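Engineer: First the structure, then my questions, so here it is.
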Amino acid sequence: MTFEQSVQRLEEIVKQLEDGELALDASLALFEEGVALAKRCQGMLEEASGTIQRLIGDKVEPWPEGPHD
Amino acid sequence: MALLSVSDLNRLVRELLDAEPLLQGVMVQGEMANVRLHSSGHLYFSLRDAGASVRAVMFRGQARQLVFSPQDGMQVICAGRVSLYERDGSYQLYAEMLEPAGVGAEFLRLQQLKEKLQAEGLFSPERKRPLPLLPRRLGVVTSPTGAAIRDILSVARRRYPNLAVVVAPVQVQGPTAAAEIAAAITLLAEQGQVDVIVVGRGGGSQEDLAAFNQEEVARAVAGSPVPVVAAVGHETDTTLIDLVADRRAATPSAAAELAVPVVAELVAGLQMAVSQMQTALDHHLALAGRQVDAIVSRRVMSRPLTMLEAKQERTVRLEKDLGQATGRRLQEAKARLVEHSGRLAGLSPLAVLRRGFAVVEKEGKAVRDASGLRVGDRVRTRLQVGSFESQVERVES
């Protein structure tokens with residue numbers, strides 16, 4: 001599931017829980033699903049490497065930060 | 001040799017130009033570029049051909065009388081005089097007359113290209129792809145030395161410190177620019193593992209932006225498998241790449257803001273969602289709890305035996321009440337019976353006779369009226385005990 005899809009599902013869950021028309025056990029199951037989704041999304045945010053590189057030809061090199069900053 | 005100030009020098013050159021009769025009445029044909037109608041009403045522009053360009057100005061008085069609206073790319077014939085603008089040390093054409101001379105070649109080329117790509121559907125809104133909410137790797141196509149790359153990197157870093165960025169460095173102007181930009185877009189899309197690409201440069205004149213008006217760049221953008229944000233710095237004109245890109249921004253910084261989310265906001269949004277879920281669930285649990293309480297607190301649930309005892313008590317009491325009520329009624333009935341019996345007894349003829357009265361009968365019927373009797377009639381008189389017969393001797397009625 002992509003970040004978008006996860007966030008979208010999370011929004012659905014929040015809405016369903018807030019509507020309060022579900023049986024209690026269904027609510028609990030949704031809540032668990034939602035918390036797990038939120039955790040996974042948060043994980044995705046932290047996953048990216050934070051690197052800056054340059055791509056020349058088919059060579060990927062670190063970005064020479066110094067001279068350009 | 002005299003030492004001149006810059007002002008002295010510029011004045012000297014201006015006076016030389018102003019004194020040259022050939023320059024006081026010239027007629028020039030060229031393509032208009034960088035046309036700008038200033039709020040003062042003066043019209044500023046450049047005239048150019050394949051190899052050169054010159055700045056020009058038409059003052060408000062004449063500019064107001066133009067019957068057409070001057071635009072970049074127009075071929076014009078311009079009449080005026082040449083002088084020096086001392087502040088900048090640049091000479092310019094002071095236009096007094098301006099007439100269109102057909103449409104400029106570059107303008108025409110771009111116009112035709114736009115029409116062709118439009119017909120192919122390259123600008124259609126349905127082709128525009130949404131940018132990813134969370135890009136994992138951002139691709140950037142721009143000059144490695146311009147302000148644009150600095151702006152893009154610093155905006156990206158500020159919004160999403162963890163974001164990975166891959167830059168494909170290119171020339172953004174000059175003869176090879178268009179080919180380099182097109183190749184870099186394709187390369188990044190194919191090998192950079194990026195999920196969005198920002199292509200652009202800082203602001204410049206119409207000529208500086210020429211690479212972004214080339215067909216090969218437009219086609220590379222259209223062919224990119226990931227969304228492209230155009231980031232060509234300009235305020236008014238639209239370059240071709242703006243029309244093809246999935247999103248366009250007026251500056252490289254603005255493009256980075258479109259492409260890179262503020263990760264702190266995403267985190268806050270997730271936390272908000274969790275707390276909303278928590279609140280909703282707490283609410284649901286509290287509601288369910290109250291429902292259970294309401295049921296449990298009813299007496300039948302909390303003290304079932306008491307309820308039963310109470311019912312038994314009531315039954316017993318009802319039985320007793322019933323018994324009492326029944327007894328009382330019976331006695332009343334008996335009393336009434338005795339009373340009625342007494343009265344009944346009073347009505348019996350025998351009781352009357354007992355009190356000493358007698359009944360006179362004639363032919364078996366009681367005589368109530370003496371007028372029914374005749375002298376000589378025979379009547380029978382009944383007493384309490386026995387009876388006797390007698391004959392009527394006299395009647396008084």
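Letters A, B, ... mark the chains of the structure tokens in the order given; residue numbers begin at 1 per chain; ligand numbers begin at 1, in order shown.
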Just want the 12 Å neighbourhood of Ala19 of chain B, counted on only C-alpha atoms, with same-chain residues fewer than 5 positions away dropped. Output as a VMD selection string.
Structural biologist: chain B and resid 12 to 14 24 to 25 81 to 84
Engineer: Go ahead and write the selection's residues with C-alpha atoms as a PDB file, in the first residue's frame.
Structural biologist:
```
ATOM      1  CA  LEU B  12      30.405  62.538 -23.809  1.00  0.00           C
ATOM      2  CA  VAL B  13      29.289  59.437 -25.689  1.00  0.00           C
ATOM      3  CA  ARG B  14      25.682  60.581 -25.623  1.00  0.00           C
ATOM      4  CA  GLN B  24      18.770  61.087 -35.582  1.00  0.00           C
ATOM      5  CA  GLY B  25      16.388  59.533 -38.051  1.00  0.00           C
ATOM      6  CA  ARG B  81      16.553  58.243 -33.067  1.00  0.00           C
ATOM      7  CA  VAL B  82      19.517  56.671 -31.329  1.00  0.00           C
ATOM      8  CA  SER B  83      20.923  57.973 -28.065  1.00  0.00           C
ATOM      9  CA  LEU B  84      22.648  56.805 -24.923  1.00  0.00           C
TER      10      LEU B  84
END
```
Engineer: List the neighbours of Ile13 of chain A out to 10 Å using only C-alpha atoms; skip same-chain residues closer than 6 positions along the sequence, and give me the result as a VMD selection string.
Structural biologist: (chain A and resid 7 19 27 30 to 31 33 to 35) or (chain B and resid 273 276 to 277)
Engineer: With all heavy atoms retained, write the just-selected residues as an mmCIF file, in the first residue's frame.
Structural biologist:
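Resulting contents of out_30.cif:
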```cif
data_model
loop_
_atom_site.group_PDB
_atom_site.id
_atom_site.type_symbol
_atom_site.label_atom_id
_atom_site.label_comp_id
_atom_site.auth_asym_id
_atom_site.auth_seq_id
_atom_site.Cartn_x
_atom_site.Cartn_y
_atom_site.Cartn_z
ATOM 1 N N VAL A 7 -2.953 6.682 3.841
ATOM 2 C CA VAL A 7 -3.551 7.876 4.450
ATOM 3 C C VAL A 7 -5.052 7.921 4.138
ATOM 4 O O VAL A 7 -5.873 8.245 4.997
ATOM 5 C CB VAL A 7 -2.854 9.153 3.937
ATOM 6 C CG1 VAL A 7 -3.657 10.395 4.290
ATOM 7 C CG2 VAL A 7 -1.459 9.254 4.541
ATOM 8 N N ASP A 19 -18.478 8.299 13.016
ATOM 9 C CA ASP A 19 -19.906 8.154 12.754
ATOM 10 C C ASP A 19 -20.575 7.338 13.861
ATOM 11 O O ASP A 19 -21.743 7.515 14.147
ATOM 12 C CB ASP A 19 -20.142 7.457 11.403
ATOM 13 C CG ASP A 19 -19.899 8.412 10.247
ATOM 14 O OD1 ASP A 19 -19.757 9.615 10.526
ATOM 15 O OD2 ASP A 19 -19.855 7.959 9.097
ATOM 16 N N SER A 27 -15.725 -1.673 15.786
ATOM 17 C CA SER A 27 -14.983 -0.438 16.089
ATOM 18 C C SER A 27 -13.580 -0.752 16.588
ATOM 19 O O SER A 27 -12.604 -0.133 16.179
ATOM 20 C CB SER A 27 -15.703 0.380 17.159
ATOM 21 O OG SER A 27 -16.824 1.016 16.606
ATOM 22 N N LEU A 30 -11.394 -1.878 13.745
ATOM 23 C CA LEU A 30 -11.011 -0.735 12.904
ATOM 24 C C LEU A 30 -9.938 0.101 13.592
ATOM 25 O O LEU A 30 -8.992 0.560 12.963
ATOM 26 C CB LEU A 30 -12.222 0.158 12.629
ATOM 27 C CG LEU A 30 -13.031 -0.138 11.382
ATOM 28 C CD1 LEU A 30 -14.094 0.925 11.206
ATOM 29 C CD2 LEU A 30 -12.148 -0.183 10.150
ATOM 30 N N PHE A 31 -10.130 0.313 14.865
ATOM 31 C CA PHE A 31 -9.169 1.107 15.626
ATOM 32 C C PHE A 31 -7.776 0.491 15.536
ATOM 33 O O PHE A 31 -6.789 1.167 15.277
ATOM 34 C CB PHE A 31 -9.621 1.208 17.081
ATOM 35 C CG PHE A 31 -8.649 1.939 17.969
ATOM 36 C CD1 PHE A 31 -8.532 3.317 17.889
ATOM 37 C CD2 PHE A 31 -7.844 1.249 18.862
ATOM 38 C CE1 PHE A 31 -7.641 4.004 18.696
ATOM 39 C CE2 PHE A 31 -6.953 1.923 19.675
ATOM 40 C CZ PHE A 31 -6.850 3.294 19.588
ATOM 41 N N GLU A 33 -6.662 -1.505 13.204
ATOM 42 C CA GLU A 33 -6.180 -1.345 11.833
ATOM 43 C C GLU A 33 -5.627 0.068 11.633
ATOM 44 O O GLU A 33 -4.542 0.258 11.074
ATOM 45 C CB GLU A 33 -7.305 -1.610 10.834
ATOM 46 C CG GLU A 33 -6.828 -1.598 9.389
ATOM 47 C CD GLU A 33 -7.977 -1.625 8.379
ATOM 48 O OE1 GLU A 33 -9.106 -1.996 8.743
ATOM 49 O OE2 GLU A 33 -7.722 -1.253 7.217
ATOM 50 N N GLY A 34 -6.371 1.059 12.139
ATOM 51 C CA GLY A 34 -5.980 2.460 11.978
ATOM 52 C C GLY A 34 -4.660 2.766 12.654
ATOM 53 O O GLY A 34 -3.788 3.425 12.083
ATOM 54 N N VAL A 35 -4.493 2.272 13.870
ATOM 55 C CA VAL A 35 -3.251 2.536 14.595
ATOM 56 C C VAL A 35 -2.070 1.902 13.854
ATOM 57 O O VAL A 35 -1.001 2.515 13.708
ATOM 58 C CB VAL A 35 -3.347 2.017 16.048
ATOM 59 C CG1 VAL A 35 -1.991 2.052 16.722
ATOM 60 C CG2 VAL A 35 -4.349 2.858 16.830
ATOM 61 N N ALA B 273 -4.979 11.849 13.400
ATOM 62 C CA ALA B 273 -5.869 10.740 13.042
ATOM 63 C C ALA B 273 -5.937 9.735 14.186
ATOM 64 O O ALA B 273 -7.020 9.257 14.540
ATOM 65 C CB ALA B 273 -5.376 10.064 11.762
ATOM 66 N N GLN B 276 -7.975 11.179 16.944
ATOM 67 C CA GLN B 276 -9.408 11.178 16.590
ATOM 68 C C GLN B 276 -10.013 9.787 16.757
ATOM 69 O O GLN B 276 -11.118 9.639 17.257
ATOM 70 C CB GLN B 276 -9.589 11.629 15.137
ATOM 71 C CG GLN B 276 -9.561 13.138 14.963
ATOM 72 C CD GLN B 276 -9.592 13.513 13.491
ATOM 73 O OE1 GLN B 276 -8.861 12.950 12.686
ATOM 74 N NE2 GLN B 276 -10.439 14.456 13.131
ATOM 75 N N MET B 277 -9.222 8.786 16.328
ATOM 76 C CA MET B 277 -9.708 7.410 16.476
ATOM 77 C C MET B 277 -9.884 7.071 17.950
ATOM 78 O O MET B 277 -10.876 6.470 18.357
ATOM 79 C CB MET B 277 -8.714 6.429 15.844
ATOM 80 C CG MET B 277 -8.729 6.437 14.340
ATOM 81 S SD MET B 277 -7.825 5.043 13.667
ATOM 82 C CE MET B 277 -6.201 5.322 14.295
#
```
Engineer: Chain B residues within 10 Å of chain A, counting only C-alpha atoms: which ones, as a ChimeraX atom specification?
Structural biologist: /B:132-141,144-147,149-151,153-154,157,160-170,183-184,187-188,191-192,263-264,266-267,269-281,283-285,287-288
Engineer: Run DSSP on the backbone and tell me which residues of segment 163-198 of chain B come out as alpha helix (DSSP H); list them as JSON, numbers by chain.
Structural biologist: {"B": [177, 178, 179, 180, 181, 182, 183, 184, 185, 186, 187, 188, 189, 190, 191]}
Engineer: Can you pull out every residue within 10 Å of Val6 of chain B, counting only C-alpha atoms, but drop anything in the same chain fewer than 4 positions away, and send it as a PyMOL selection string?
Structural biologist: chain B and resi 10-12+86-87+89
Engineer: Can you list every residue in chain A that DSSP puts in strand (DSSP E), as a list in words?
Structural biologist: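 Filtering chain A to strand (DSSP E) leaves Ile52, Gln53, Arg54, Leu55, Ile56, Lys59, Val60, Glu61 and Pro62 of chain A.
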